[in-house]
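For reference, structure-v4.cif is printed below; it contains mmCIF, C-alpha atoms.
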```
data_model
#
loop_
_atom_site.label_atom_id
_atom_site.label_comp_id
_atom_site.auth_asym_id
_atom_site.auth_seq_id
_atom_site.Cartn_x
_atom_site.Cartn_y
_atom_site.Cartn_z
CA MET W 25 27.15 58.75 9.96
CA SER W 26 23.70 59.59 8.63
CA THR W 27 20.74 57.85 10.24
CA GLU W 28 18.05 59.87 8.47
CA ILE W 29 14.90 58.00 7.46
CA LEU W 30 13.54 59.36 4.21
CA SER W 31 9.96 60.43 3.64
CA ARG W 32 7.78 57.93 1.81
CA ARG W 33 7.77 60.11 -1.34
CA LYS W 34 11.58 60.39 -1.42
CA ALA W 35 12.01 56.69 -0.69
CA LEU W 36 9.62 55.72 -3.47
CA SER W 37 11.47 58.07 -5.83
CA LEU W 38 14.73 56.33 -4.98
CA LEU W 39 13.05 52.96 -5.51
CA VAL W 40 12.20 54.08 -9.05
CA VAL W 41 15.88 55.02 -9.51
CA VAL W 42 16.94 51.53 -8.42
CA VAL W 43 14.47 49.81 -10.74
CA LEU W 44 15.50 51.91 -13.75
CA ALA W 45 19.24 51.65 -13.00
CA TRP W 46 19.23 47.88 -12.49
CA GLY W 47 16.79 47.25 -15.33
CA PHE W 48 18.94 49.05 -17.91
CA THR W 49 22.11 47.46 -16.52
CA TRP W 50 21.13 44.21 -18.27
CA VAL W 51 21.29 45.96 -21.64
CA VAL W 52 24.64 47.51 -20.69
CA SER W 53 26.00 44.11 -19.64
CA LYS W 54 24.99 42.61 -22.97
CA LEU W 55 26.57 45.49 -24.93
CA LEU W 56 29.83 45.22 -22.97
CA LEU W 57 30.39 41.78 -24.44
CA GLN W 58 31.11 43.46 -27.78
CA TYR W 59 34.27 45.00 -26.31
CA LEU W 60 35.42 42.70 -23.48
CA THR W 61 35.41 39.00 -22.73
CA PRO W 62 32.65 38.02 -20.25
CA LEU W 63 34.71 37.76 -17.06
CA TRP W 64 36.84 40.81 -17.79
CA ALA W 65 33.64 42.75 -18.55
CA VAL W 66 32.23 42.16 -15.05
CA ALA W 67 35.67 42.62 -13.45
CA ALA W 68 36.11 46.02 -15.11
CA ARG W 69 32.58 47.07 -14.20
CA SER W 70 33.18 45.96 -10.62
CA VAL W 71 36.41 47.99 -10.39
CA VAL W 72 34.56 51.12 -11.58
CA GLY W 73 31.77 50.36 -9.11
CA ALA W 74 34.20 49.90 -6.21
CA ALA W 75 35.91 53.22 -7.00
CA ALA W 76 32.54 54.97 -7.24
CA LEU W 77 31.40 53.45 -3.94
CA LEU W 78 34.61 54.62 -2.26
CA LEU W 79 34.14 58.19 -3.52
CA LEU W 80 30.44 58.18 -2.60
CA GLY W 81 31.17 56.73 0.83
CA LEU W 82 33.88 59.31 1.51
CA ALA W 83 31.56 62.11 0.37
CA LEU W 84 28.83 60.86 2.72
CA ARG W 85 31.36 59.99 5.46
CA ARG W 86 30.07 56.45 5.44
CA VAL W 87 33.15 54.30 4.89
CA ALA W 88 33.94 52.21 7.94
CA ARG W 89 36.82 49.87 8.65
CA PRO W 90 35.27 46.37 8.89
CA VAL W 91 35.54 44.41 12.11
CA LYS W 92 35.93 40.65 12.46
CA ALA W 93 32.16 40.12 12.77
CA ASP W 94 31.68 41.78 9.36
CA LEU W 95 33.89 39.34 7.46
CA PRO W 96 31.23 36.64 6.82
CA VAL W 97 28.78 39.07 5.23
CA ILE W 98 31.57 40.76 3.23
CA LEU W 99 32.55 37.33 1.90
CA SER W 100 28.94 36.35 1.23
CA VAL W 101 27.94 39.48 -0.67
CA GLY W 102 31.32 40.00 -2.33
CA LEU W 103 31.78 36.44 -3.55
CA LEU W 104 28.23 35.15 -4.08
CA HIS W 105 26.28 38.22 -5.22
CA MET W 106 28.74 40.79 -6.59
CA GLY W 107 31.14 38.08 -7.74
CA ALA W 108 29.60 34.74 -8.75
CA PHE W 109 26.19 36.14 -9.72
CA ALA W 110 27.73 38.82 -11.95
CA ALA W 111 30.22 36.41 -13.54
CA LEU W 112 27.66 33.67 -14.27
CA VAL W 113 25.20 36.18 -15.75
CA SER W 114 27.90 37.65 -17.99
CA LEU W 115 28.88 34.19 -19.20
CA GLY W 116 25.23 33.31 -19.77
CA LEU W 117 24.60 36.50 -21.72
CA GLN W 118 26.85 35.14 -24.47
CA TYR W 119 24.09 32.65 -25.30
CA VAL W 120 20.88 34.10 -23.83
CA PRO W 121 19.11 37.36 -24.78
CA ALA W 122 19.28 40.05 -22.09
CA GLY W 123 15.49 40.09 -21.69
CA ARG W 124 15.26 36.38 -20.98
CA SER W 125 18.27 36.49 -18.68
CA VAL W 126 16.82 39.21 -16.43
CA VAL W 127 13.59 37.22 -16.05
CA LEU W 128 15.53 34.08 -15.14
CA ALA W 129 17.83 35.93 -12.74
CA TYR W 130 14.85 37.40 -10.91
CA THR W 131 13.55 33.95 -10.07
CA THR W 132 15.91 34.34 -7.10
CA PRO W 133 13.14 35.07 -4.53
CA LEU W 134 11.45 31.81 -5.52
CA TRP W 135 14.53 29.82 -4.51
CA VAL W 136 14.83 31.82 -1.28
CA ILE W 137 11.45 30.47 -0.08
CA PRO W 138 12.42 26.77 0.22
CA ALA W 139 16.01 27.61 1.23
CA ALA W 140 14.83 29.86 4.06
CA ARG W 141 12.53 27.06 5.22
CA MET W 142 15.37 24.54 5.12
CA PHE W 143 18.14 26.61 6.73
CA LEU W 144 16.33 29.29 8.75
CA GLY W 145 13.15 27.47 9.70
CA GLU W 146 10.93 30.11 8.11
CA PRO W 147 7.36 28.85 7.54
CA ILE W 148 5.98 28.47 4.04
CA GLY W 149 2.44 29.84 4.23
CA ARG W 150 -0.24 29.48 1.61
CA GLY W 151 0.81 32.70 -0.10
CA ARG W 152 4.37 31.49 -0.45
CA GLN W 153 3.21 28.08 -1.66
CA LEU W 154 1.08 29.82 -4.29
CA GLY W 155 4.00 32.08 -5.19
CA LEU W 156 6.36 29.14 -5.62
CA ALA W 157 3.79 27.29 -7.76
CA LEU W 158 3.19 30.34 -9.98
CA GLY W 159 6.92 30.94 -10.36
CA LEU W 160 7.65 27.35 -11.33
CA LEU W 161 4.74 27.47 -13.77
CA GLY W 162 6.27 30.61 -15.27
CA LEU W 163 9.58 28.78 -15.75
CA ALA W 164 7.71 25.90 -17.38
CA VAL W 165 6.08 28.34 -19.81
CA ILE W 166 9.44 29.89 -20.71
CA PHE W 167 11.10 26.47 -21.00
CA ASN W 168 8.27 24.62 -22.69
CA PRO W 169 9.83 21.14 -22.90
CA LEU W 170 7.85 20.46 -26.06
CA SER W 171 9.22 23.48 -27.91
CA PHE W 172 12.63 23.98 -26.28
CA ASP W 173 15.54 23.00 -28.52
CA TRP W 174 17.26 20.44 -26.28
CA GLY W 175 19.88 19.91 -28.96
CA ASN W 176 21.04 23.53 -28.71
CA HIS W 177 23.91 23.18 -26.25
CA ASP W 178 24.55 26.94 -26.20
CA ALA W 179 20.96 27.63 -25.14
CA LEU W 180 21.14 24.95 -22.45
CA LEU W 181 24.45 26.29 -21.16
CA GLY W 182 23.38 29.94 -21.19
CA ASN W 183 20.06 29.38 -19.44
CA GLY W 184 21.71 27.05 -16.95
CA LEU W 185 24.39 29.62 -16.09
CA VAL W 186 21.80 32.36 -15.44
CA LEU W 187 19.70 30.04 -13.26
CA LEU W 188 22.85 29.05 -11.35
CA ALA W 189 23.50 32.77 -10.86
CA ALA W 190 20.02 33.12 -9.37
CA LEU W 191 20.80 30.29 -6.95
CA CYS W 192 24.03 32.02 -5.87
CA TRP W 193 22.11 35.22 -5.18
CA ALA W 194 19.48 33.24 -3.27
CA ALA W 195 22.18 31.66 -1.10
CA ASN W 196 23.55 35.12 -0.36
CA ILE W 197 20.08 36.42 0.59
CA VAL W 198 19.51 33.51 2.98
CA TYR W 199 22.85 34.16 4.68
CA VAL W 200 22.23 37.92 4.89
CA ARG W 201 18.88 37.23 6.59
CA ALA W 202 20.65 35.17 9.23
CA HIS W 203 23.60 37.55 9.67
CA ARG W 204 23.85 39.66 12.83
CA TRP W 205 24.81 43.09 11.57
CA VAL W 206 27.48 45.03 13.43
CA THR W 207 28.37 47.62 10.77
CA PRO W 208 25.50 49.04 8.64
CA PRO W 209 25.22 47.56 5.11
CA PHE W 210 26.25 50.60 3.08
CA GLU W 211 29.43 51.10 5.11
CA LEU W 212 30.53 47.64 3.95
CA ALA W 213 29.58 48.09 0.28
CA PHE W 214 33.01 49.32 -0.81
CA TRP W 215 34.77 46.38 0.84
CA GLN W 216 32.35 43.92 -0.76
CA ALA W 217 32.87 45.48 -4.19
CA LEU W 218 36.65 45.53 -3.66
CA LEU W 219 36.63 41.82 -2.78
CA ALA W 220 34.45 41.06 -5.81
CA SER W 221 36.76 43.07 -8.08
CA GLY W 222 39.85 41.23 -6.90
CA GLY W 223 38.19 37.83 -7.17
CA LEU W 224 36.71 38.52 -10.60
CA ALA W 225 40.02 39.85 -11.94
CA ALA W 226 41.87 36.77 -10.66
CA VAL W 227 39.33 34.37 -12.19
CA ALA W 228 39.28 36.35 -15.46
CA TRP W 229 43.08 36.23 -15.72
CA ALA W 230 43.13 32.50 -15.02
CA ALA W 231 40.27 31.66 -17.41
CA GLU W 232 40.64 34.24 -20.17
CA GLY W 233 44.26 35.37 -19.90
CA ALA W 234 45.31 39.00 -20.10
CA PRO W 235 42.42 41.35 -20.89
CA ARG W 236 41.67 41.78 -24.59
CA VAL W 237 39.88 45.06 -25.15
CA ALA W 238 38.21 46.22 -28.36
CA TRP W 239 38.67 49.94 -27.69
CA HIS W 240 35.69 52.08 -28.63
CA ALA W 241 34.19 55.34 -27.40
CA ASP W 242 31.06 53.49 -26.24
CA LEU W 243 33.12 51.33 -23.90
CA ALA W 244 33.73 54.27 -21.54
CA TRP W 245 30.07 55.11 -20.99
CA LEU W 246 29.10 51.44 -20.73
CA LEU W 247 31.64 50.84 -17.96
CA GLY W 248 30.77 54.17 -16.38
CA TYR W 249 27.07 53.43 -16.34
CA GLY W 250 27.53 49.83 -15.20
CA GLY W 251 29.87 50.79 -12.36
CA VAL W 252 28.53 54.17 -11.25
CA PHE W 253 24.78 53.70 -11.72
CA GLY W 254 24.47 49.92 -11.86
CA ILE W 255 26.54 49.38 -8.71
CA ALA W 256 27.33 52.50 -6.65
CA VAL W 257 24.25 54.72 -7.06
CA ALA W 258 21.81 51.81 -7.17
CA TYR W 259 23.33 50.22 -4.06
CA TRP W 260 23.27 53.51 -2.14
CA ALA W 261 19.66 54.12 -3.18
CA ALA W 262 18.64 50.54 -2.33
CA VAL W 263 20.09 50.81 1.17
CA ASN W 264 18.15 54.04 1.79
CA VAL W 265 14.98 52.50 0.40
CA ASN W 266 15.38 49.42 2.61
CA ARG W 267 15.77 51.66 5.67
CA SER W 268 12.78 53.87 4.82
CA LEU W 269 10.10 51.55 3.39
CA PRO W 270 8.55 48.29 4.60
CA ALA W 271 10.36 45.24 3.27
CA GLY W 272 7.26 44.04 1.44
CA VAL W 273 6.88 47.33 -0.41
CA THR W 274 10.53 47.30 -1.42
CA ALA W 275 10.44 43.71 -2.62
CA ILE W 276 7.31 44.25 -4.69
CA GLY W 277 8.78 47.44 -6.16
CA LEU W 278 11.91 45.58 -7.25
CA LEU W 279 9.72 43.32 -9.36
CA GLY W 280 9.84 46.23 -11.80
CA VAL W 281 13.50 45.41 -12.60
CA PRO W 282 12.79 42.42 -14.88
CA VAL W 283 9.96 44.36 -16.53
CA VAL W 284 12.26 47.33 -17.25
CA GLY W 285 15.04 44.96 -18.34
CA LEU W 286 12.74 43.14 -20.72
CA LEU W 287 11.35 46.35 -22.24
CA CYS W 288 14.80 47.96 -22.57
CA SER W 289 16.15 44.82 -24.23
CA ALA W 290 13.30 44.90 -26.74
CA ALA W 291 13.75 48.64 -27.41
CA VAL W 292 17.55 48.91 -27.49
CA LEU W 293 18.69 45.45 -28.54
CA HIS W 294 15.60 44.67 -30.65
CA GLU W 295 15.09 41.37 -28.87
CA PRO W 296 11.72 39.73 -29.64
CA LEU W 297 9.10 40.01 -26.90
CA ASP W 298 7.23 36.79 -27.62
CA LEU W 299 4.14 35.48 -25.85
CA PRO W 300 5.79 32.62 -23.85
CA LEU W 301 8.44 34.96 -22.42
CA SER W 302 5.87 37.66 -21.56
CA LEU W 303 3.49 35.15 -19.98
CA GLY W 304 6.30 33.42 -18.10
CA MET W 305 7.53 36.76 -16.76
CA ALA W 306 4.01 37.67 -15.62
CA LEU W 307 3.66 34.35 -13.76
CA ILE W 308 7.10 34.67 -12.13
CA VAL W 309 6.50 38.27 -11.07
CA GLY W 310 3.05 37.32 -9.77
CA GLY W 311 4.52 34.41 -7.86
CA ILE W 312 7.17 36.57 -6.23
CA ALA W 313 4.51 39.15 -5.32
CA ALA W 314 2.34 36.45 -3.73
CA GLY W 315 5.27 35.25 -1.64
CA VAL W 316 6.20 38.79 -0.59
CA LEU W 317 2.62 39.67 0.41
CA ASP W 318 2.42 36.45 2.43
CA LYS W 319 5.65 37.47 4.22
CA ALA W 320 4.29 40.94 4.86
CA ARG W 321 1.24 39.46 6.58
CA GLY W 322 3.31 36.99 8.55
#
```

Would you give me this structure, written as structure tokens?
Amino acid sequence: MSTEILSRRKALSLLVVVVLAWGFTWVVSKLLLQYLTPLWAVAARSVVGAAALLLLGLALRRVARPVKADLPVILSVGLLHMGAFAALVSLGLQYVPAGRSVVLAYTTPLWVIPAARMFLGEPIGRGRQLGLALGLLGLAVIFNPLSFDWGNHDALLGNGLVLLAALCWAANIVYVRAHRWVTPPFELAFWQALLASGGLAAVAWAAEGAPRVAWHADLAWLLGYGGVFGIAVAYWAAVNVNRSLPAGVTAIGLLGVPVVGLLCSAAVLHEPLDLPLSLGMALIVGGIAAGVLDKARG
């Protein structure tokens, strides 16, 4: 099992890989909905990701048989993050542009702040208070109650589903912070993805019936990218980055994901990059950065 800590330059390079891979994944997820129903889209992507993680883990000799103490974190990551988060985002993407959805999904760290205070007893310093205020202001800018079409049930449903996804991810993060690790995170990644794949496939079959696929040549590369780069490579790179860089540096670097997602959505999907969305994203990213910097000092 490799325990190598990467140099700062290599770790930062991998951080860029994670940001680009996850940022473009939002465009891929939106495009997949042209060929698969929402739940089957994430189930298929998860299956490809689990297979890629298995092959990568075997190549690196980093696949371990989980022990009893690993089961809670396998359940937490597999069901809340890889499962519920992915499913809710895919459902929300039917009604919400990819650019807006990535901004909403990355409000997750904002919800972690009060949840960590409530369940883990973590203090909320001035930086985190400022971060939470900026983030909520950013949401208010995006969802200007005076201009939001409250009669558009699809918009309400889509935005609500993506925000619920962010809450699921936040719950997973809070549990992972409290978890006492026995087996290193990457060694459990395949098992988490396998659990997510099984759960997503079962829910997809129950909710959407047998998979209905609009076969197209683009479907192969979309699933390949989403599973191999969006899940396996990005997860492997993220684990190495987390082990090699300070947590604050990593967290701030990951703020690039919604920026990349927003720009890719505008470039590839031709989604409008209007002022409220851009300003709201800037406030949310600034709020998360303020909370992370406060944590780094604490």

**OP:** Tell me, in Å to one decimal, how far CA of Ala129 in chain W is from CA of Ile166 in chain W.
**Re:** 13.1 Å

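Using all atoms listed in the file, the smallest distance between any of W:Val284, W:Val309, W:Val120, W:Arg152 and His177 in chain W comes from W:Val120.
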
Subject >> Expected selection from the PyMOL selection byres ((chain W and resi 36-51) around 10), given as a ChimeraX atom specification >> reply: /W:30-35,52-56,113-114,117,121-123,125-126,246,249-255,257-266,268-269,273-274,277-293

Taking the file as shown, find all residues satisfying the PyMOL selection byres ((chain W and resi 108) around 10) and write them as a compact mmCIF listing (two decimals) with C-alpha atoms, keeping the file's coordinate frame.
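The resulting file, expr.txt, is reproduced below:
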```
# COMPACT_ATOMS: atom_id res chain seq x y z
CA VAL W 101 27.94 39.48 -0.67
CA GLY W 102 31.32 40.00 -2.33
CA LEU W 103 31.78 36.44 -3.55
CA LEU W 104 28.23 35.15 -4.08
CA HIS W 105 26.28 38.22 -5.22
CA MET W 106 28.74 40.79 -6.59
CA GLY W 107 31.14 38.08 -7.74
CA PHE W 109 26.19 36.14 -9.72
CA ALA W 110 27.73 38.82 -11.95
CA ALA W 111 30.22 36.41 -13.54
CA LEU W 112 27.66 33.67 -14.27
CA VAL W 113 25.20 36.18 -15.75
CA SER W 114 27.90 37.65 -17.99
CA LEU W 188 22.85 29.05 -11.35
CA ALA W 189 23.50 32.77 -10.86
CA ALA W 190 20.02 33.12 -9.37
CA CYS W 192 24.03 32.02 -5.87
CA TRP W 193 22.11 35.22 -5.18
CA ALA W 220 34.45 41.06 -5.81
CA GLY W 223 38.19 37.83 -7.17
CA LEU W 224 36.71 38.52 -10.60
```

**OP:** Provide the CA of Val66 in chain W to CA of Ala244 in chain W distance in Å, to one decimal place.
**Re:** 13.8 Å

Subject >> Who sits within 12 Å of range 134-143 of chain W, all atoms listed in the file, same chain under 4 positions skipped, as JSON, numbers by chain >> reply: {"W": [128, 129, 130, 147, 148, 149, 150, 151, 152, 153, 154, 155, 156, 157, 158, 159, 160, 161, 162, 163, 187, 188, 189, 190, 191, 192, 193, 194, 195, 196, 197, 198, 199, 200, 201, 202, 307, 308, 309, 310, 311, 312, 313, 314, 315, 316, 318, 319]}

Just say which residues the PyMOL selection byres ((chain W and resi 84) around 12) picks in this file, as a CSV table (one decimal) with C-alpha atoms, in the frame of the given file.
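Okay, out-v5.csv is ready:
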```
chain,number,residue,atom,x,y,z
W,25,MET,CA,27.2,58.8,10.0
W,26,SER,CA,23.7,59.6,8.6
W,27,THR,CA,20.7,57.8,10.2
W,77,LEU,CA,31.4,53.4,-3.9
W,78,LEU,CA,34.6,54.6,-2.3
W,79,LEU,CA,34.1,58.2,-3.5
W,80,LEU,CA,30.4,58.2,-2.6
W,81,GLY,CA,31.2,56.7,0.8
W,82,LEU,CA,33.9,59.3,1.5
W,83,ALA,CA,31.6,62.1,0.4
W,85,ARG,CA,31.4,60.0,5.5
W,86,ARG,CA,30.1,56.4,5.4
W,87,VAL,CA,33.2,54.3,4.9
W,88,ALA,CA,33.9,52.2,7.9
W,210,PHE,CA,26.2,50.6,3.1
W,211,GLU,CA,29.4,51.1,5.1
W,260,TRP,CA,23.3,53.5,-2.1
```

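Our summary of the geometry notes that CA of Gly182 in chain W is positioned 20.6 Å from CA of Leu299 in chain W.
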
Using all atoms listed in the file, list the residues that have an atom at most 10 Å from (34.2, 48.3, -4.7), coordinates as in the file, as a PDB file with C-alpha atoms, keeping the file's coordinate frame.
```pdb
ATOM      1  CA  ARG W  69      32.580  47.070 -14.200  1.00  0.00           C
ATOM      2  CA  SER W  70      33.180  45.960 -10.620  1.00  0.00           C
ATOM      3  CA  VAL W  71      36.410  47.990 -10.390  1.00  0.00           C
ATOM      4  CA  VAL W  72      34.560  51.120 -11.580  1.00  0.00           C
ATOM      5  CA  GLY W  73      31.770  50.360  -9.110  1.00  0.00           C
ATOM      6  CA  ALA W  74      34.200  49.900  -6.210  1.00  0.00           C
ATOM      7  CA  ALA W  75      35.910  53.220  -7.000  1.00  0.00           C
ATOM      8  CA  ALA W  76      32.540  54.970  -7.240  1.00  0.00           C
ATOM      9  CA  LEU W  77      31.400  53.450  -3.940  1.00  0.00           C
ATOM     10  CA  LEU W  78      34.610  54.620  -2.260  1.00  0.00           C
ATOM     11  CA  LEU W  79      34.140  58.190  -3.520  1.00  0.00           C
ATOM     12  CA  GLY W 102      31.320  40.000  -2.330  1.00  0.00           C
ATOM     13  CA  MET W 106      28.740  40.790  -6.590  1.00  0.00           C
ATOM     14  CA  LEU W 212      30.530  47.640   3.950  1.00  0.00           C
ATOM     15  CA  ALA W 213      29.580  48.090   0.280  1.00  0.00           C
ATOM     16  CA  PHE W 214      33.010  49.320  -0.810  1.00  0.00           C
ATOM     17  CA  TRP W 215      34.770  46.380   0.840  1.00  0.00           C
ATOM     18  CA  GLN W 216      32.350  43.920  -0.760  1.00  0.00           C
ATOM     19  CA  ALA W 217      32.870  45.480  -4.190  1.00  0.00           C
ATOM     20  CA  LEU W 218      36.650  45.530  -3.660  1.00  0.00           C
ATOM     21  CA  LEU W 219      36.630  41.820  -2.780  1.00  0.00           C
ATOM     22  CA  ALA W 220      34.450  41.060  -5.810  1.00  0.00           C
ATOM     23  CA  SER W 221      36.760  43.070  -8.080  1.00  0.00           C
ATOM     24  CA  GLY W 222      39.850  41.230  -6.900  1.00  0.00           C
ATOM     25  CA  GLY W 251      29.870  50.790 -12.360  1.00  0.00           C
ATOM     26  CA  ILE W 255      26.540  49.380  -8.710  1.00  0.00           C
ATOM     27  CA  ALA W 256      27.330  52.500  -6.650  1.00  0.00           C
TER      28      ALA W 256
END
```
